[in-house]
$ cat model_27.csv   # CSV, C-alpha atoms and all ligand atoms
chain,number,residue,atom,x,y,z
A,1,MET,CA,-47.2,63.9,122.9
A,2,TYR,CA,-43.8,62.1,122.6
A,3,SER,CA,-42.9,58.8,121.2
A,4,THR,CA,-43.2,56.1,124.0
A,5,ASP,CA,-39.5,55.2,123.6
A,6,LEU,CA,-38.3,58.8,124.2
A,7,LEU,CA,-36.3,57.7,127.3
A,8,GLN,CA,-35.6,54.1,126.3
A,9,GLY,CA,-32.5,52.8,128.0
A,10,LYS,CA,-32.2,55.7,130.4
A,11,SER,CA,-32.0,55.2,134.1
A,12,ILE,CA,-33.3,58.1,136.2
A,13,ILE,CA,-33.5,59.0,139.9
A,14,VAL,CA,-36.5,61.1,141.1
A,15,THR,CA,-36.2,62.5,144.6
A,16,GLY,CA,-39.5,62.9,146.4
A,17,GLY,CA,-40.9,60.5,143.9
A,18,GLY,CA,-43.5,59.0,146.2
A,19,SER,CA,-46.2,61.6,145.7
A,20,GLY,CA,-47.2,64.8,143.9
A,21,LEU,CA,-45.1,66.2,141.1
A,22,GLY,CA,-42.3,63.7,141.7
A,23,LEU,CA,-44.7,60.7,141.3
A,24,ALA,CA,-46.2,62.3,138.2
A,25,MET,CA,-42.8,62.8,136.6
A,26,ALA,CA,-41.6,59.3,137.6
A,27,ARG,CA,-44.7,57.8,136.0
A,28,ALA,CA,-44.3,59.8,132.8
A,29,ALA,CA,-40.6,58.8,132.6
A,30,VAL,CA,-41.5,55.1,132.9
A,31,GLN,CA,-44.3,55.4,130.4
A,32,HIS,CA,-41.7,56.8,128.0
A,33,GLY,CA,-39.3,53.9,128.4
A,34,ALA,CA,-37.0,54.9,131.3
A,35,GLN,CA,-36.1,52.9,134.4
A,36,VAL,CA,-36.8,55.0,137.4
A,37,MET,CA,-35.6,54.9,141.0
A,38,ILE,CA,-37.8,57.0,143.2
A,39,CYS,CA,-36.6,58.0,146.7
A,40,GLY,CA,-38.2,59.6,149.7
A,41,ARG,CA,-38.4,59.3,153.4
A,42,ASN,CA,-41.7,57.4,153.7
A,43,GLU,CA,-41.1,53.8,152.6
A,44,GLU,CA,-44.8,52.8,152.6
A,45,ARG,CA,-45.7,55.7,150.3
A,46,LEU,CA,-42.7,54.8,148.0
A,47,LEU,CA,-43.8,51.2,147.7
A,48,LYS,CA,-47.4,52.2,146.9
A,49,ALA,CA,-46.1,54.6,144.3
A,50,VAL,CA,-43.9,52.0,142.6
A,51,VAL,CA,-46.9,49.6,142.3
A,52,GLU,CA,-48.9,52.4,140.8
A,53,ILE,CA,-46.2,53.5,138.3
A,54,ASN,CA,-45.4,50.0,137.1
A,55,ARG,CA,-49.1,49.2,136.7
A,56,ALA,CA,-49.8,52.4,134.8
A,57,SER,CA,-47.0,51.7,132.4
A,58,ASN,CA,-47.6,47.9,132.2
A,59,ARG,CA,-43.9,47.3,132.9
A,60,SER,CA,-42.8,45.3,135.9
A,61,ASN,CA,-39.8,46.6,137.9
A,62,ALA,CA,-39.3,49.6,135.6
A,63,ALA,CA,-39.8,51.7,138.7
A,64,LEU,CA,-38.1,50.8,142.0
A,65,ALA,CA,-37.9,52.6,145.3
A,66,HIS,CA,-35.1,53.3,147.7
A,67,ARG,CA,-35.7,55.0,151.1
A,68,ALA,CA,-33.3,58.0,151.4
A,69,ASP,CA,-33.3,61.4,153.1
A,70,VAL,CA,-31.6,63.8,150.7
A,71,ARG,CA,-30.3,65.8,153.7
A,72,GLN,CA,-28.0,62.9,154.5
A,73,VAL,CA,-25.0,62.7,152.2
A,74,ASP,CA,-24.3,59.0,153.0
A,75,GLN,CA,-27.9,58.1,152.2
A,76,VAL,CA,-27.7,60.0,148.9
A,77,GLN,CA,-24.6,58.0,147.9
A,78,ALA,CA,-26.4,54.8,148.9
A,79,LEU,CA,-29.3,55.9,146.6
A,80,VAL,CA,-27.0,56.3,143.7
A,81,ASN,CA,-25.3,53.0,144.4
A,82,ALA,CA,-28.6,51.2,144.7
A,83,THR,CA,-29.7,52.6,141.3
A,84,VAL,CA,-26.5,51.5,139.7
A,85,ASP,CA,-26.9,48.0,141.3
A,86,ALA,CA,-30.5,47.8,140.0
A,87,PHE,CA,-30.3,49.4,136.5
A,88,GLY,CA,-26.5,49.3,135.8
A,89,LYS,CA,-26.1,53.1,135.7
A,90,VAL,CA,-27.7,56.5,136.2
A,91,ASP,CA,-28.3,58.9,133.3
A,92,GLY,CA,-30.6,61.4,134.8
A,93,LEU,CA,-31.7,63.0,138.0
A,94,ILE,CA,-34.8,65.1,139.0
A,95,ASN,CA,-34.2,67.2,142.1
A,96,ASN,CA,-37.8,67.3,143.2
A,97,ALA,CA,-37.8,66.7,147.0
A,98,ALA,CA,-38.8,69.9,148.7
A,99,GLY,CA,-40.1,71.3,152.0
A,100,ASN,CA,-41.9,74.5,152.5
A,101,PHE,CA,-44.3,76.3,154.9
A,102,LEU,CA,-45.9,79.7,155.3
A,103,CYS,CA,-44.3,81.7,158.1
A,104,CYS,CA,-43.8,85.3,159.1
A,105,SER,CA,-40.0,85.6,158.8
A,106,GLU,CA,-39.6,87.3,162.2
A,107,ASP,CA,-41.1,84.1,163.7
A,108,LEU,CA,-38.7,81.8,161.8
A,109,THR,CA,-36.4,79.7,164.1
A,110,PRO,CA,-33.0,78.5,163.0
A,111,ASN,CA,-34.3,75.0,162.9
A,112,GLY,CA,-37.2,76.1,160.7
A,113,PHE,CA,-34.8,77.7,158.2
A,114,ASP,CA,-32.6,74.6,158.3
A,115,ALA,CA,-35.6,72.2,157.8
A,116,VAL,CA,-36.4,73.7,154.4
A,117,THR,CA,-32.9,74.7,153.2
A,118,ARG,CA,-31.4,71.3,154.1
A,119,ILE,CA,-34.0,69.5,152.0
A,120,VAL,CA,-34.1,71.9,149.1
A,121,LEU,CA,-30.6,73.3,148.7
A,122,TYR,CA,-28.3,70.8,150.4
A,123,GLY,CA,-30.4,67.9,149.1
A,124,ALA,CA,-30.2,69.1,145.5
A,125,VAL,CA,-26.5,69.7,145.8
A,126,TYR,CA,-25.7,66.3,147.4
A,127,CYS,CA,-27.8,64.5,144.8
A,128,THR,CA,-26.3,66.4,141.9
A,129,LEU,CA,-22.7,66.0,143.0
A,130,ALA,CA,-23.2,62.2,143.6
A,131,VAL,CA,-24.9,61.7,140.2
A,132,GLY,CA,-22.3,64.0,138.5
A,133,ARG,CA,-19.4,62.0,139.9
A,134,HIS,CA,-21.0,58.8,138.7
A,135,LEU,CA,-21.5,60.2,135.2
A,136,MET,CA,-17.8,61.4,135.1
A,137,GLU,CA,-16.6,57.9,136.2
A,138,ARG,CA,-18.5,56.5,133.3
A,139,LYS,CA,-17.5,59.3,130.9
A,140,ALA,CA,-21.2,59.5,130.1
A,141,PRO,CA,-23.5,62.4,129.3
A,142,GLY,CA,-26.4,63.1,131.6
A,143,SER,CA,-29.4,65.3,132.3
A,144,ILE,CA,-30.0,66.8,135.7
A,145,ILE,CA,-33.2,68.7,136.3
A,146,SER,CA,-34.3,70.8,139.4
A,147,ILE,CA,-37.8,71.8,140.2
A,148,LEU,CA,-37.7,75.4,141.2
A,149,THR,CA,-40.3,78.1,141.4
A,150,THR,CA,-40.8,81.6,139.8
A,151,TYR,CA,-39.9,83.3,143.1
A,152,ILE,CA,-36.2,82.3,142.4
A,153,TRP,CA,-36.3,85.7,140.5
A,154,THR,CA,-38.6,87.8,142.6
A,155,GLY,CA,-38.2,86.3,146.1
A,156,SER,CA,-41.4,85.8,148.0
A,157,ALA,CA,-42.8,87.1,151.2
A,158,TYR,CA,-43.6,84.4,153.9
A,159,VAL,CA,-41.5,81.6,152.4
A,160,LEU,CA,-38.1,83.0,153.1
A,161,PRO,CA,-36.2,79.6,153.5
A,162,SER,CA,-37.7,78.2,150.3
A,163,ALA,CA,-36.9,81.4,148.4
A,164,CYS,CA,-33.3,81.4,149.5
A,165,ALA,CA,-32.9,77.7,148.9
A,166,LYS,CA,-34.5,77.5,145.5
A,167,ALA,CA,-32.5,80.6,144.3
A,168,GLY,CA,-29.4,78.6,145.5
A,169,VAL,CA,-30.4,75.7,143.4
A,170,LEU,CA,-30.7,78.0,140.4
A,171,ALA,CA,-27.1,79.2,141.1
A,172,MET,CA,-26.0,75.5,141.2
A,173,THR,CA,-27.8,74.8,137.9
A,174,ARG,CA,-26.1,77.6,136.1
A,175,SER,CA,-22.7,77.1,137.7
A,176,LEU,CA,-22.5,73.4,136.9
A,177,ALA,CA,-24.0,73.8,133.4
A,178,VAL,CA,-20.9,75.7,132.6
A,179,GLU,CA,-18.4,73.6,134.6
A,180,TRP,CA,-19.7,70.2,133.4
A,181,GLY,CA,-20.8,71.3,129.9
A,182,SER,CA,-17.7,69.9,128.1
A,183,LEU,CA,-18.6,66.5,129.7
A,184,GLY,CA,-22.0,66.4,128.1
A,185,ILE,CA,-23.7,66.8,131.5
A,186,ARG,CA,-26.6,69.2,131.1
A,187,LEU,CA,-28.3,70.9,134.0
A,188,ASN,CA,-31.7,72.6,133.6
A,189,ALA,CA,-34.6,73.6,135.7
A,190,ILE,CA,-38.4,74.0,135.6
A,191,ALA,CA,-40.0,76.9,137.5
A,192,PRO,CA,-43.6,76.1,138.0
A,193,GLY,CA,-46.3,78.4,139.4
A,194,GLY,CA,-49.2,77.0,141.3
A,195,ILE,CA,-49.7,73.3,140.8
A,196,PRO,CA,-52.3,71.8,143.1
A,197,THR,CA,-50.8,68.9,145.1
A,198,GLU,CA,-51.7,67.8,148.6
A,199,GLY,CA,-48.2,68.6,149.8
A,200,ALA,CA,-48.0,72.1,148.5
A,201,TRP,CA,-51.6,73.2,148.9
A,202,SER,CA,-51.9,72.0,152.6
A,203,ARG,CA,-48.8,74.1,153.5
A,204,LEU,CA,-49.2,77.1,151.3
A,205,MET,CA,-52.8,77.9,150.5
A,206,ALA,CA,-54.4,79.6,153.5
A,207,GLY,CA,-58.0,78.8,152.7
A,208,GLU,CA,-60.4,78.7,149.7
A,209,GLU,CA,-60.8,82.4,149.3
A,210,VAL,CA,-57.0,82.9,149.0
A,211,GLU,CA,-56.9,80.1,146.6
A,212,ALA,CA,-59.7,81.5,144.4
A,213,ASP,CA,-58.1,84.9,144.4
A,214,ALA,CA,-54.7,83.6,143.5
A,215,ARG,CA,-56.2,81.4,140.7
A,216,ARG,CA,-58.0,84.5,139.3
A,217,ARG,CA,-54.7,86.2,138.9
A,218,VAL,CA,-53.2,83.6,136.7
A,219,PRO,CA,-53.3,85.0,133.1
A,220,LEU,CA,-54.2,81.6,131.7
A,221,GLY,CA,-57.0,81.4,134.2
A,222,ARG,CA,-56.3,78.1,135.9
A,223,TRP,CA,-53.6,76.2,137.8
A,224,GLY,CA,-51.2,74.1,136.0
A,225,THR,CA,-51.3,70.3,136.2
A,226,LYS,CA,-48.7,67.7,137.3
A,227,GLU,CA,-48.9,66.3,133.8
A,228,GLU,CA,-47.9,69.6,132.2
A,229,ILE,CA,-44.8,69.7,134.4
A,230,ALA,CA,-44.0,66.1,133.6
A,231,ASN,CA,-44.1,67.0,129.9
A,232,SER,CA,-41.4,69.5,130.3
A,233,ALA,CA,-39.4,67.2,132.5
A,234,LEU,CA,-39.5,64.5,129.8
A,235,PHE,CA,-38.2,67.0,127.2
A,236,LEU,CA,-35.3,68.1,129.4
A,237,LEU,CA,-34.4,64.5,130.3
A,238,SER,CA,-34.5,63.4,126.7
A,239,ASP,CA,-32.1,64.0,123.8
A,240,LEU,CA,-34.7,66.4,122.3
A,241,SER,CA,-33.2,69.1,124.5
A,242,SER,CA,-29.6,68.1,123.8
A,243,TYR,CA,-28.3,71.6,123.2
A,244,GLN,CA,-30.1,73.1,126.2
A,245,THR,CA,-28.2,73.6,129.4
A,246,GLY,CA,-28.3,76.2,132.3
A,247,ASP,CA,-31.8,77.0,131.3
A,248,VAL,CA,-35.1,77.4,133.3
A,249,ILE,CA,-38.4,76.6,131.7
A,250,THR,CA,-41.1,78.7,133.3
A,251,MET,CA,-44.5,77.1,133.6
A,252,ASP,CA,-46.8,79.3,135.6
A,253,GLY,CA,-49.5,80.4,133.1
A,254,GLY,CA,-47.9,83.8,132.9
A,255,SER,CA,-48.3,84.6,136.6
A,256,TRP,CA,-45.0,86.0,137.5
A,257,LEU,CA,-44.9,88.4,134.6
A,258,ALA,CA,-48.5,89.5,135.3
A,259,ALA,CA,-47.5,90.2,139.0
A,260,GLY,CA,-44.8,92.5,137.9
A,261,GLY,CA,-46.6,94.3,135.0
A,262,GLN,CA,-47.5,97.8,136.2
A,263,PHE,CA,-50.8,97.9,134.2
A,264,SER,CA,-51.6,94.2,134.0
A,265,HIS,CA,-54.4,94.6,136.6
A,266,TYR,CA,-56.5,96.4,134.0
A,267,ARG,CA,-57.3,93.0,132.6
A,268,PHE,CA,-59.7,92.4,135.5
A,269,LEU,CA,-62.0,95.2,134.2
A,270,PRO,CA,-64.7,94.2,131.8
A,271,LYS,CA,-63.2,94.8,128.3
A,272,ASP,CA,-66.0,97.3,127.3
A,273,LYS,CA,-65.5,99.3,130.5
A,274,LEU,CA,-61.7,99.3,129.9
A,275,LYS,CA,-62.1,100.5,126.3
A,276,GLU,CA,-64.5,103.2,127.5
A,277,LYS,CA,-62.0,104.5,129.9
A,278,MET,CA,-59.2,104.4,127.3
A,279,GLU,CA,-61.3,106.2,124.8
A,280,ALA,CA,-62.1,108.9,127.4
A,281,MET,CA,-58.5,109.3,128.3
A,282,LYS,CA,-57.6,109.5,124.6
A,283,SER,CA,-60.1,112.2,123.9
A,284,LYS,CA,-59.0,114.1,127.0
A,285,SER,CA,-55.3,113.9,125.9
A,286,ARG,CA,-56.3,115.5,122.6
A,287,GLU,CA,-58.1,118.5,124.1
B,301,LIG,N1,-44.1,77.3,160.6
B,301,LIG,C1,-43.0,77.6,161.3
B,301,LIG,N2,-42.0,76.8,161.7
B,301,LIG,C2,-42.2,75.5,161.2
B,301,LIG,C3,-43.3,75.1,160.5
B,301,LIG,C4,-44.3,76.0,160.2
B,301,LIG,N3,-45.4,75.7,159.5
B,301,LIG,N4,-43.2,73.7,160.2
B,301,LIG,C5,-42.0,73.3,160.8
B,301,LIG,N5,-41.4,74.4,161.4
B,301,LIG,C6,-40.2,74.4,162.1
B,301,LIG,C7,-40.4,73.7,163.4
B,301,LIG,O1,-41.0,74.5,164.4
B,301,LIG,C8,-39.0,73.3,163.7
B,301,LIG,O2,-38.3,74.3,164.3
B,301,LIG,P1,-38.1,74.4,166.0
B,301,LIG,O3,-37.4,73.2,166.3
B,301,LIG,O4,-37.2,75.6,166.1
B,301,LIG,O5,-39.5,74.5,166.5
B,301,LIG,C9,-38.3,73.1,162.4
B,301,LIG,O6,-39.2,73.7,161.4
B,301,LIG,C10,-38.2,71.6,162.1
B,301,LIG,O7,-39.5,71.0,162.2
B,301,LIG,P2,-39.7,69.5,162.0
B,301,LIG,O8,-41.2,69.2,161.9
B,301,LIG,O9,-39.0,68.8,163.0
B,301,LIG,O10,-38.9,69.3,160.6
B,301,LIG,P3,-39.1,68.2,159.6
B,301,LIG,O11,-37.7,68.1,159.0
B,301,LIG,O12,-39.7,67.0,160.0
B,301,LIG,O13,-40.1,68.9,158.5
B,301,LIG,C11,-40.7,70.4,156.9
B,301,LIG,C12,-39.6,69.7,157.5
B,301,LIG,C13,-41.1,71.5,157.9
B,301,LIG,C14,-40.2,71.1,155.7
B,301,LIG,C15,-41.9,69.5,156.6
B,301,LIG,O14,-43.1,70.2,156.3
B,301,LIG,C16,-41.6,68.5,155.5
B,301,LIG,O15,-40.9,67.6,155.7
B,301,LIG,N6,-42.2,68.8,154.3
B,301,LIG,C17,-41.9,68.0,153.1
B,301,LIG,C18,-43.0,68.1,152.1
B,301,LIG,C19,-43.3,69.5,151.7
B,301,LIG,O16,-43.1,70.5,152.5
B,301,LIG,N7,-43.9,69.7,150.6
B,301,LIG,C20,-44.3,71.0,150.1
B,301,LIG,C21,-43.4,71.4,149.0
B,301,LIG,S1,-44.0,72.9,148.2
$ encode --input "model_27.csv" --output "structure tokens"
Amino acid sequence: MYSTDLLQGKSIIVTGGGSGLGLAMARAAVQHGAQVMICGRNEERLLKAVVEINRASNRSNAALAHRADVRQVDQVQALVNATVDAFGKVDGLINNAAGNFLCCSEDLTPNGFDAVTRIVLYGAVYCTLAVGRHLMERKAPGSIISILTTYIWTGSAYVLPSACAKAGVLAMTRSLAVEWGSLGIRLNAIAPGGIPTEGAWSRLMAGEEVEADARRRVPLGRWGTKEEIANSALFLLSDLSSYQTGDVITMDGGSWLAAGGQFSHYRFLPKDKLKEKMEAMKSKSRE
């Protein structure tokens, strides 16, 4: 889709890069010329991911790993320092690390709320500020992406901490896009709908029936793929999007719009039946 040197010379940090979407975006960035530092809490998973990424791109040491918990500001700074030591600089960041679980909000404990918001909101803020300060020291431009969700706009039942935290990351994205725009530091986000990954599905899909019903409601008729999200991440990291900041790319197959459209559910009727009904209504209205 893109030229393989799209991100040549760029050094990028991907949080939560050991699995799922993070791993897919890190792999795609390396395959398009970047040097990538993935971080996460599980060292074994990170090391496995690094081997896989470097093998897939046929480039040794283009991907490296650094264990860091994004909730700990000192570990975030150590992550940025380690990336500068390894690659000489940081040009981009993907705030991908997340936590989420389904829970009736009346049963949510303070610790439960903190567990998610500290990863999603605090983690993204800590990483963004650390990378932003580094870019300012270098007087260099940069691209910072956050992986959000379409319920940043609508909110969502049963995932209250995630909805609050991700909406906060959108506010960060838009605030800093303006504050840091004159420095050439761009902040954008991607709002995916359902993308099947072990991490998300095991925590959010309450069984096969629920999954099939949710999939049926996606206007494009299927879930998205990690690779499709990675395509948008490559675009936002690259100079192809050099005039784009404070923006959110929605990638949900049309789901959130369909959920809000008052008459969108008519699409589930067979077309001939629907047209029959419409014709009958039309005739009646002319009587
Ligand atoms: N329902 C209700 N509460 C839950 C919960 C669930 N499914 N899972 C965790 N919690 C609560 C715990 O009960 C605890 O609160 P308590 O002390 O009042 O009982 C609190 O959250 C912390 O749990 P703990 O397991 O110690 O936290 P953690 O920091 O290790 O885990 C999570 C954080 C919960 C977000 C964990 O799932 C995680 O690390 N996930 C990362 C990956 C992920 O979620 N990916 C999906 C992205 S879409």
$ closest_residue --input "model_27.csv" --among "A:Ala165, A:Leu108, A:Leu204, A:Met37" --to "Ile147 in chain A" --atoms "only C-alpha atoms"
A:Ala165
$ residues_near_ligand --input "model_27.csv" --ligand "ligand LIG 301 (chain B)" --cutoff "8 Å" --atoms "only C-alpha atoms and all ligand atoms" --output "PyMOL selection string"
chain A and resi 97-103+107-116+119+199-201+203-204
$ residues_around --input "model_27.csv" --residues "Leu47 in chain A" --least-positions-apart "6" --cutoff "9 Å" --atoms "only C-alpha atoms" --output "number ranges by chain"
A: 18, 64-66
$ residues_around --input "model_27.csv" --residues "Ser156 in chain A" --least-positions-apart "5" --cutoff "12 Å" --atoms "all atoms listed in the file" --output "PyMOL selection string"
chain A and resi 102-105+149-151+161-167+256+259
$ closest_residue --input "model_27.csv" --among "A:Thr245, A:Ser238, A:Ser283, A:Ser202" --to "Trp180 in chain A" --atoms "all atoms listed in the file"
A:Thr245
$ closest_residue --input "model_27.csv" --among "A:Met281, A:Leu176, A:Ala157, A:Ile145" --to "Ala191 in chain A" --atoms "all atoms listed in the file"
A:Ile145
$ closest_residue --input "model_27.csv" --among "A:Leu23, A:Leu183, A:Cys127, A:Ile195" --to "Arg215 in chain A" --atoms "all atoms listed in the file"
A:Ile195
